[in-house]
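Inspection log for the structure reproduced underneath, given as structure tokens.
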Amino acid sequence: MIPGGQPNMQQLLQQAQKMQQDLAEAQQELAETPVEGSAGGGLVKATVNGSGELKGLVIDPRAVDPEAGTAEENAETLADLVLAAVRDANASAQQLQQEKLGPLAQGLGGGGIPGLPF
């Protein structure tokens, strides 16, 4: 601050630019970080990136058991397992977002960043 209590605008601008750069780096890191979720004891595994974008889905052949019921029942069970695995992966991705971006959001005034889930 300069004498008289006025904030140094150049210093504030530099701080804002640094925070913006840190935020962009954290978002890039999230986009490159794989996060896995699973369901059915590992029969279905979903991989999302730290931003929550679905990147992969692995279904164990044991998840599709033609002797376990009708084709409709198997399809419904498999769909439920896929949804559960994706939700699990997204929950982990949101936790990762909180860890990576939460401190940056607090540095911006603690009110969160529009468009981000916190």
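Residues in the structure tokens are named by chain (A, B, ... in the order shown) and by number from 1 within that chain; ligands are numbered from 1 in the order shown.
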
Name the residues of stretch 25-95 of chain A that come out as alpha helix (DSSP H) in a backbone DSSP run; write them as a CSV table (one decimal) with all heavy atoms, in the first residue's frame.
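Once everything was written out, this is part.csv:
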chain,number,residue,atom,x,y,z
A,25,GLU,N,-3.2,-23.4,-14.5
A,25,GLU,CA,-2.4,-24.5,-14.3
A,25,GLU,C,-3.1,-25.7,-13.6
A,25,GLU,O,-2.9,-26.8,-14.0
A,25,GLU,CB,-1.1,-24.1,-13.6
A,25,GLU,CG,-0.1,-23.3,-14.5
A,25,GLU,CD,1.0,-22.7,-13.7
A,25,GLU,OE1,1.2,-23.0,-12.5
A,25,GLU,OE2,1.8,-21.9,-14.3
A,26,ALA,N,-3.8,-25.3,-12.6
A,26,ALA,CA,-4.5,-26.3,-11.8
A,26,ALA,C,-5.6,-27.0,-12.6
A,26,ALA,O,-5.8,-28.2,-12.6
A,26,ALA,CB,-5.2,-25.7,-10.5
A,27,GLN,N,-6.3,-26.2,-13.5
A,27,GLN,CA,-7.3,-26.8,-14.3
A,27,GLN,C,-6.7,-27.7,-15.4
A,27,GLN,O,-7.3,-28.8,-15.7
A,27,GLN,CB,-8.1,-25.7,-15.0
A,27,GLN,CG,-9.0,-24.9,-14.1
A,27,GLN,CD,-9.7,-23.7,-14.7
A,27,GLN,OE1,-9.1,-23.0,-15.5
A,27,GLN,NE2,-10.9,-23.4,-14.3
A,28,GLN,N,-5.6,-27.3,-15.9
A,28,GLN,CA,-4.9,-28.2,-16.9
A,28,GLN,C,-4.5,-29.5,-16.2
A,28,GLN,O,-4.6,-30.6,-16.8
A,28,GLN,CB,-3.7,-27.5,-17.5
A,28,GLN,CG,-2.9,-28.3,-18.5
A,28,GLN,CD,-3.7,-28.6,-19.7
A,28,GLN,OE1,-4.6,-27.8,-20.1
A,28,GLN,NE2,-3.5,-29.8,-20.3
A,29,GLU,N,-3.9,-29.4,-15.0
A,29,GLU,CA,-3.5,-30.6,-14.3
A,29,GLU,C,-4.7,-31.5,-14.0
A,29,GLU,O,-4.6,-32.7,-14.2
A,29,GLU,CB,-2.9,-30.2,-12.9
A,29,GLU,CG,-2.3,-31.4,-12.2
A,29,GLU,CD,-1.6,-30.9,-10.9
A,29,GLU,OE1,-1.1,-29.8,-10.8
A,29,GLU,OE2,-1.6,-31.7,-9.9
A,30,LEU,N,-5.9,-30.9,-13.6
A,30,LEU,CA,-7.1,-31.7,-13.4
A,30,LEU,C,-7.5,-32.4,-14.7
A,30,LEU,O,-7.9,-33.6,-14.7
A,30,LEU,CB,-8.2,-30.8,-13.0
A,30,LEU,CG,-8.2,-30.4,-11.5
A,30,LEU,CD1,-9.3,-29.4,-11.2
A,30,LEU,CD2,-8.4,-31.6,-10.6
A,31,ALA,N,-7.4,-31.7,-15.8
A,31,ALA,CA,-7.8,-32.3,-17.1
A,31,ALA,C,-7.0,-33.5,-17.5
A,31,ALA,O,-7.4,-34.3,-18.3
A,31,ALA,CB,-7.8,-31.2,-18.2
A,32,GLU,N,-5.8,-33.5,-17.0
A,32,GLU,CA,-4.8,-34.6,-17.3
A,32,GLU,C,-4.8,-35.7,-16.2
A,32,GLU,O,-4.1,-36.7,-16.4
A,32,GLU,CB,-3.4,-34.0,-17.5
A,32,GLU,CG,-3.4,-33.1,-18.7
A,32,GLU,CD,-2.0,-32.3,-18.8
A,32,GLU,OE1,-1.2,-32.5,-17.9
A,32,GLU,OE2,-1.9,-31.5,-19.7
A,71,ALA,N,-32.5,-61.3,-20.5
A,71,ALA,CA,-31.6,-60.3,-21.1
A,71,ALA,C,-32.0,-58.9,-20.6
A,71,ALA,O,-31.1,-58.1,-20.4
A,71,ALA,CB,-31.8,-60.4,-22.6
A,72,GLU,N,-33.3,-58.7,-20.4
A,72,GLU,CA,-33.7,-57.4,-19.9
A,72,GLU,C,-33.2,-57.1,-18.5
A,72,GLU,O,-32.7,-56.0,-18.2
A,72,GLU,CB,-35.2,-57.3,-20.0
A,72,GLU,CG,-35.8,-57.2,-21.3
A,72,GLU,CD,-36.0,-58.6,-22.0
A,72,GLU,OE1,-35.9,-59.6,-21.3
A,72,GLU,OE2,-36.2,-58.6,-23.2
A,73,GLU,N,-33.2,-58.1,-17.7
A,73,GLU,CA,-32.7,-58.0,-16.3
A,73,GLU,C,-31.2,-57.7,-16.3
A,73,GLU,O,-30.7,-56.9,-15.6
A,73,GLU,CB,-33.1,-59.2,-15.5
A,73,GLU,CG,-34.6,-59.3,-15.2
A,73,GLU,CD,-34.9,-60.7,-14.6
A,73,GLU,OE1,-34.2,-61.7,-14.8
A,73,GLU,OE2,-35.9,-60.7,-13.9
A,74,ASN,N,-30.5,-58.5,-17.2
A,74,ASN,CA,-29.1,-58.3,-17.3
A,74,ASN,C,-28.7,-56.9,-17.8
A,74,ASN,O,-27.8,-56.3,-17.2
A,74,ASN,CB,-28.4,-59.4,-18.2
A,74,ASN,CG,-28.3,-60.7,-17.5
A,74,ASN,OD1,-28.0,-60.8,-16.3
A,74,ASN,ND2,-28.3,-61.8,-18.2
A,75,ALA,N,-29.4,-56.5,-18.8
A,75,ALA,CA,-29.2,-55.1,-19.3
A,75,ALA,C,-29.4,-54.1,-18.3
A,75,ALA,O,-28.7,-53.1,-18.1
A,75,ALA,CB,-30.0,-54.9,-20.5
A,76,GLU,N,-30.5,-54.2,-17.5
A,76,GLU,CA,-30.8,-53.2,-16.4
A,76,GLU,C,-29.8,-53.3,-15.3
A,76,GLU,O,-29.3,-52.2,-14.9
A,76,GLU,CB,-32.2,-53.6,-15.8
A,76,GLU,CG,-32.7,-52.5,-14.9
A,76,GLU,CD,-34.1,-52.8,-14.4
A,76,GLU,OE1,-34.9,-53.3,-15.2
A,76,GLU,OE2,-34.3,-52.6,-13.2
A,77,THR,N,-29.3,-54.4,-14.9
A,77,THR,CA,-28.3,-54.5,-13.9
A,77,THR,C,-27.0,-53.9,-14.4
A,77,THR,O,-26.3,-53.2,-13.7
A,77,THR,CB,-28.0,-56.0,-13.5
A,77,THR,OG1,-29.3,-56.5,-13.0
A,77,THR,CG2,-26.9,-56.2,-12.5
A,78,LEU,N,-26.6,-54.2,-15.7
A,78,LEU,CA,-25.4,-53.6,-16.2
A,78,LEU,C,-25.5,-52.1,-16.3
A,78,LEU,O,-24.5,-51.4,-15.9
A,78,LEU,CB,-25.1,-54.2,-17.6
A,78,LEU,CG,-23.8,-53.9,-18.2
A,78,LEU,CD1,-22.6,-54.2,-17.3
A,78,LEU,CD2,-23.7,-54.6,-19.6
A,79,ALA,N,-26.6,-51.6,-16.7
A,79,ALA,CA,-26.8,-50.1,-16.8
A,79,ALA,C,-26.7,-49.5,-15.4
A,79,ALA,O,-26.0,-48.5,-15.2
A,79,ALA,CB,-28.2,-49.8,-17.4
A,80,ASP,N,-27.2,-50.2,-14.4
A,80,ASP,CA,-27.1,-49.7,-13.0
A,80,ASP,C,-25.7,-49.7,-12.5
A,80,ASP,O,-25.2,-48.7,-11.9
A,80,ASP,CB,-28.0,-50.5,-12.0
A,80,ASP,CG,-29.5,-50.3,-12.2
A,80,ASP,OD1,-29.9,-49.3,-12.8
A,80,ASP,OD2,-30.2,-51.2,-11.7
A,81,LEU,N,-24.9,-50.7,-12.9
A,81,LEU,CA,-23.5,-50.8,-12.5
A,81,LEU,C,-22.7,-49.7,-13.2
A,81,LEU,O,-21.8,-49.1,-12.6
A,81,LEU,CB,-22.9,-52.2,-12.8
A,81,LEU,CG,-23.4,-53.3,-12.0
A,81,LEU,CD1,-22.9,-54.7,-12.5
A,81,LEU,CD2,-22.9,-53.2,-10.5
A,82,VAL,N,-23.0,-49.5,-14.5
A,82,VAL,CA,-22.2,-48.4,-15.2
A,82,VAL,C,-22.5,-47.1,-14.6
A,82,VAL,O,-21.6,-46.3,-14.3
A,82,VAL,CB,-22.6,-48.4,-16.7
A,82,VAL,CG1,-22.1,-47.2,-17.4
A,82,VAL,CG2,-22.1,-49.7,-17.4
A,83,LEU,N,-23.8,-46.8,-14.3
A,83,LEU,CA,-24.2,-45.5,-13.6
A,83,LEU,C,-23.4,-45.3,-12.3
A,83,LEU,O,-22.9,-44.3,-12.0
A,83,LEU,CB,-25.7,-45.4,-13.5
A,83,LEU,CG,-26.5,-45.0,-14.7
A,83,LEU,CD1,-28.0,-45.1,-14.4
A,83,LEU,CD2,-26.1,-43.6,-15.2
A,84,ALA,N,-23.5,-46.4,-11.5
A,84,ALA,CA,-22.8,-46.3,-10.2
A,84,ALA,C,-21.3,-46.1,-10.3
A,84,ALA,O,-20.8,-45.3,-9.5
A,84,ALA,CB,-23.1,-47.6,-9.4
A,85,ALA,N,-20.7,-46.8,-11.3
A,85,ALA,CA,-19.2,-46.6,-11.4
A,85,ALA,C,-18.9,-45.2,-11.9
A,85,ALA,O,-17.9,-44.6,-11.4
A,85,ALA,CB,-18.7,-47.6,-12.4
A,86,VAL,N,-19.7,-44.6,-12.8
A,86,VAL,CA,-19.4,-43.3,-13.3
A,86,VAL,C,-19.7,-42.3,-12.2
A,86,VAL,O,-18.9,-41.3,-12.0
A,86,VAL,CB,-20.3,-43.0,-14.5
A,86,VAL,CG1,-20.2,-41.5,-14.9
A,86,VAL,CG2,-19.9,-43.8,-15.7
A,87,ARG,N,-20.7,-42.5,-11.4
A,87,ARG,CA,-21.0,-41.6,-10.3
A,87,ARG,C,-19.9,-41.6,-9.2
A,87,ARG,O,-19.5,-40.6,-8.7
A,87,ARG,CB,-22.4,-41.9,-9.6
A,87,ARG,CG,-23.5,-41.5,-10.5
A,87,ARG,CD,-24.8,-41.9,-9.8
A,87,ARG,NE,-25.9,-41.4,-10.6
A,87,ARG,CZ,-27.1,-42.1,-10.7
A,87,ARG,NH1,-27.3,-43.2,-10.0
A,87,ARG,NH2,-28.1,-41.6,-11.5
A,88,ASP,N,-19.4,-42.8,-9.0
A,88,ASP,CA,-18.3,-43.0,-8.0
A,88,ASP,C,-17.0,-42.2,-8.5
A,88,ASP,O,-16.4,-41.5,-7.8
A,88,ASP,CB,-18.0,-44.5,-7.8
A,88,ASP,CG,-16.9,-44.7,-6.8
A,88,ASP,OD1,-17.0,-44.1,-5.7
A,88,ASP,OD2,-16.1,-45.6,-7.0
A,89,ALA,N,-16.7,-42.4,-9.8
A,89,ALA,CA,-15.6,-41.7,-10.4
A,89,ALA,C,-15.8,-40.2,-10.3
A,89,ALA,O,-14.9,-39.4,-10.0
A,89,ALA,CB,-15.4,-42.1,-11.8
A,90,ASN,N,-17.0,-39.7,-10.6
A,90,ASN,CA,-17.2,-38.3,-10.6
A,90,ASN,C,-17.2,-37.7,-9.2
A,90,ASN,O,-16.7,-36.6,-9.0
A,90,ASN,CB,-18.6,-37.9,-11.3
A,90,ASN,CG,-18.5,-37.8,-12.8
A,90,ASN,OD1,-17.5,-37.4,-13.3
A,90,ASN,ND2,-19.5,-38.3,-13.4
A,91,ALA,N,-17.6,-38.5,-8.2
A,91,ALA,CA,-17.5,-38.0,-6.8
A,91,ALA,C,-16.0,-37.9,-6.4
A,91,ALA,O,-15.6,-36.9,-5.8
A,91,ALA,CB,-18.2,-39.0,-5.9
A,92,SER,N,-15.2,-38.8,-6.9
A,92,SER,CA,-13.7,-38.7,-6.6
A,92,SER,C,-13.2,-37.5,-7.4
A,92,SER,O,-12.3,-36.8,-6.8
A,92,SER,CB,-13.0,-40.0,-7.0
A,92,SER,OG,-13.5,-41.0,-6.2
A,93,ALA,N,-13.6,-37.2,-8.6
A,93,ALA,CA,-13.1,-36.1,-9.4
A,93,ALA,C,-13.5,-34.8,-8.7
A,93,ALA,O,-12.7,-33.8,-8.6
A,93,ALA,CB,-13.7,-36.1,-10.8
A,94,GLN,N,-14.7,-34.7,-8.1
A,94,GLN,CA,-15.2,-33.5,-7.4
A,94,GLN,C,-14.3,-33.3,-6.2
A,94,GLN,O,-14.0,-32.1,-5.9
A,94,GLN,CB,-16.6,-33.6,-7.1
A,94,GLN,CG,-17.5,-33.4,-8.3
A,94,GLN,CD,-19.0,-33.4,-7.9
A,94,GLN,OE1,-19.4,-33.8,-6.8
A,94,GLN,NE2,-19.8,-32.9,-8.8
A,95,GLN,N,-14.0,-34.3,-5.5
A,95,GLN,CA,-13.1,-34.2,-4.3
A,95,GLN,C,-11.7,-33.7,-4.7
A,95,GLN,O,-11.2,-32.8,-4.1
A,95,GLN,CB,-13.0,-35.6,-3.6
A,95,GLN,CG,-12.2,-35.5,-2.4
A,95,GLN,CD,-12.1,-36.8,-1.6
A,95,GLN,OE1,-12.7,-37.8,-2.0
A,95,GLN,NE2,-11.3,-36.8,-0.5

- Mind checking which residues fall within 8 Å of A:Lys45, counting only C-alpha atoms, ignoring those fewer than 2 positions away in the same chain, and posting them as a list of chain:residue names?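 Counting only the stated atoms, we get A:Glu36, A:Gly37, A:Ser38, A:Ala39, A:Gly42, A:Leu43, A:Thr47, A:Leu57, A:Val58, A:Ile59, A:Val82, A:Ala85, A:Val86.
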
Written file, previous selection with N, CA and C atoms, as a compact mmCIF listing (two decimals), in the first residue's frame:
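Result file is out_27.txt:
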# COMPACT_ATOMS: atom_id res chain seq x y z
N GLU A 36 -10.51 -42.91 -10.99
CA GLU A 36 -11.29 -44.14 -11.23
C GLU A 36 -12.38 -44.31 -10.20
N GLY A 37 -13.48 -44.86 -10.65
CA GLY A 37 -14.57 -45.26 -9.78
C GLY A 37 -15.00 -46.66 -10.17
N SER A 38 -15.67 -47.36 -9.26
CA SER A 38 -16.07 -48.73 -9.59
C SER A 38 -17.41 -49.06 -8.94
N ALA A 39 -17.98 -50.16 -9.40
CA ALA A 39 -19.24 -50.65 -8.85
C ALA A 39 -19.27 -52.17 -8.99
N GLY A 42 -16.02 -54.07 -8.33
CA GLY A 42 -14.99 -53.97 -9.36
C GLY A 42 -15.40 -54.55 -10.69
N LEU A 43 -16.65 -55.02 -10.82
CA LEU A 43 -17.09 -55.56 -12.10
C LEU A 43 -17.16 -54.49 -13.19
N THR A 47 -13.36 -44.52 -15.68
CA THR A 47 -12.26 -43.57 -15.51
C THR A 47 -12.70 -42.23 -16.07
N LEU A 57 -14.20 -46.93 -19.79
CA LEU A 57 -15.16 -47.78 -19.11
C LEU A 57 -14.75 -49.23 -19.35
N VAL A 58 -14.58 -49.97 -18.26
CA VAL A 58 -14.19 -51.37 -18.36
C VAL A 58 -15.28 -52.20 -17.69
N ILE A 59 -15.80 -53.17 -18.43
CA ILE A 59 -16.84 -54.06 -17.90
C ILE A 59 -16.28 -55.47 -17.89
N VAL A 82 -22.97 -49.46 -14.45
CA VAL A 82 -22.25 -48.41 -15.19
C VAL A 82 -22.53 -47.05 -14.56
N ALA A 85 -20.68 -46.75 -11.25
CA ALA A 85 -19.23 -46.58 -11.42
C ALA A 85 -18.90 -45.17 -11.87
N VAL A 86 -19.69 -44.63 -12.80
CA VAL A 86 -19.45 -43.26 -13.29
C VAL A 86 -19.69 -42.26 -12.16

- With only C-alpha atoms as the basis for distance, which of A:Met9, A:Leu96, A:Met19, A:Leu101 is at the shortest distance from A:Val35? A:Leu96

- Item | DSSP-assigned strand (DSSP E or B) among chain A, expressed as a VMD selection string | chain A and resid 2 6 34 to 39 44 to 49 54 to 59

Export N, CA, C and O atoms of the chosen residues as a compact mmCIF listing (two decimals), in the first residue's frame?
# COMPACT_ATOMS: atom_id res chain seq x y z
N ILE A 2 0.42 2.22 -0.68
CA ILE A 2 1.15 3.48 -0.70
C ILE A 2 0.63 4.38 0.40
O ILE A 2 -0.46 4.14 0.93
N GLN A 6 -4.14 3.90 0.18
CA GLN A 6 -4.61 3.45 -1.11
C GLN A 6 -3.84 2.19 -1.53
O GLN A 6 -2.63 2.12 -1.37
N PRO A 34 -6.21 -38.82 -14.30
CA PRO A 34 -7.25 -39.85 -14.34
C PRO A 34 -7.75 -40.16 -12.93
O PRO A 34 -6.98 -40.22 -11.97
N VAL A 35 -9.06 -40.35 -12.81
CA VAL A 35 -9.69 -40.69 -11.54
C VAL A 35 -10.61 -41.88 -11.83
O VAL A 35 -11.39 -41.87 -12.78
N GLU A 36 -10.51 -42.91 -10.99
CA GLU A 36 -11.29 -44.14 -11.23
C GLU A 36 -12.38 -44.31 -10.20
O GLU A 36 -12.23 -43.95 -9.03
N GLY A 37 -13.48 -44.86 -10.65
CA GLY A 37 -14.57 -45.26 -9.78
C GLY A 37 -15.00 -46.66 -10.17
O GLY A 37 -14.72 -47.12 -11.28
N SER A 38 -15.67 -47.36 -9.26
CA SER A 38 -16.07 -48.73 -9.59
C SER A 38 -17.41 -49.06 -8.94
O SER A 38 -17.89 -48.34 -8.06
N ALA A 39 -17.98 -50.16 -9.40
CA ALA A 39 -19.24 -50.65 -8.85
C ALA A 39 -19.27 -52.17 -8.99
O ALA A 39 -18.52 -52.74 -9.79
N VAL A 44 -17.45 -53.27 -12.79
CA VAL A 44 -17.48 -52.16 -13.73
C VAL A 44 -16.59 -51.06 -13.17
O VAL A 44 -16.72 -50.67 -12.01
N LYS A 45 -15.67 -50.57 -14.01
CA LYS A 45 -14.76 -49.50 -13.62
C LYS A 45 -14.87 -48.37 -14.63
O LYS A 45 -14.81 -48.61 -15.84
N ALA A 46 -15.05 -47.17 -14.10
CA ALA A 46 -15.12 -45.98 -14.95
C ALA A 46 -13.93 -45.09 -14.64
O ALA A 46 -13.54 -44.94 -13.48
N THR A 47 -13.36 -44.52 -15.68
CA THR A 47 -12.26 -43.57 -15.51
C THR A 47 -12.70 -42.23 -16.07
O THR A 47 -13.18 -42.15 -17.21
N VAL A 48 -12.59 -41.19 -15.25
CA VAL A 48 -12.86 -39.83 -15.68
C VAL A 48 -11.59 -39.03 -15.46
O VAL A 48 -10.69 -39.46 -14.74
N ASN A 49 -11.53 -37.86 -16.09
CA ASN A 49 -10.41 -36.98 -15.74
C ASN A 49 -10.84 -36.14 -14.55
O ASN A 49 -12.00 -36.21 -14.12
N LEU A 54 -15.77 -38.37 -18.85
CA LEU A 54 -15.60 -39.82 -18.94
C LEU A 54 -14.55 -40.15 -19.99
O LEU A 54 -14.64 -39.73 -21.14
N LYS A 55 -13.52 -40.90 -19.57
CA LYS A 55 -12.41 -41.25 -20.46
C LYS A 55 -12.33 -42.73 -20.77
O LYS A 55 -11.72 -43.13 -21.75
N GLY A 56 -12.91 -43.56 -19.90
CA GLY A 56 -12.82 -44.99 -20.13
C GLY A 56 -13.84 -45.75 -19.30
O GLY A 56 -14.30 -45.28 -18.27
N LEU A 57 -14.20 -46.93 -19.79
CA LEU A 57 -15.16 -47.78 -19.11
C LEU A 57 -14.75 -49.23 -19.35
O LEU A 57 -14.55 -49.64 -20.49
N VAL A 58 -14.58 -49.97 -18.26
CA VAL A 58 -14.19 -51.37 -18.36
C VAL A 58 -15.28 -52.20 -17.69
O VAL A 58 -15.63 -51.95 -16.53
N ILE A 59 -15.80 -53.17 -18.43
CA ILE A 59 -16.84 -54.06 -17.90
C ILE A 59 -16.28 -55.47 -17.89
O ILE A 59 -15.95 -56.03 -18.94

- Message: Could you tell me how far atom CA of A:Lys100 sits from atom CA of A:Gly50, in Å to one decimal place?
- Response: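 Computed distance, atom CA of A:Gly50 to atom CA of A:Lys100, equals 9.6 Å.
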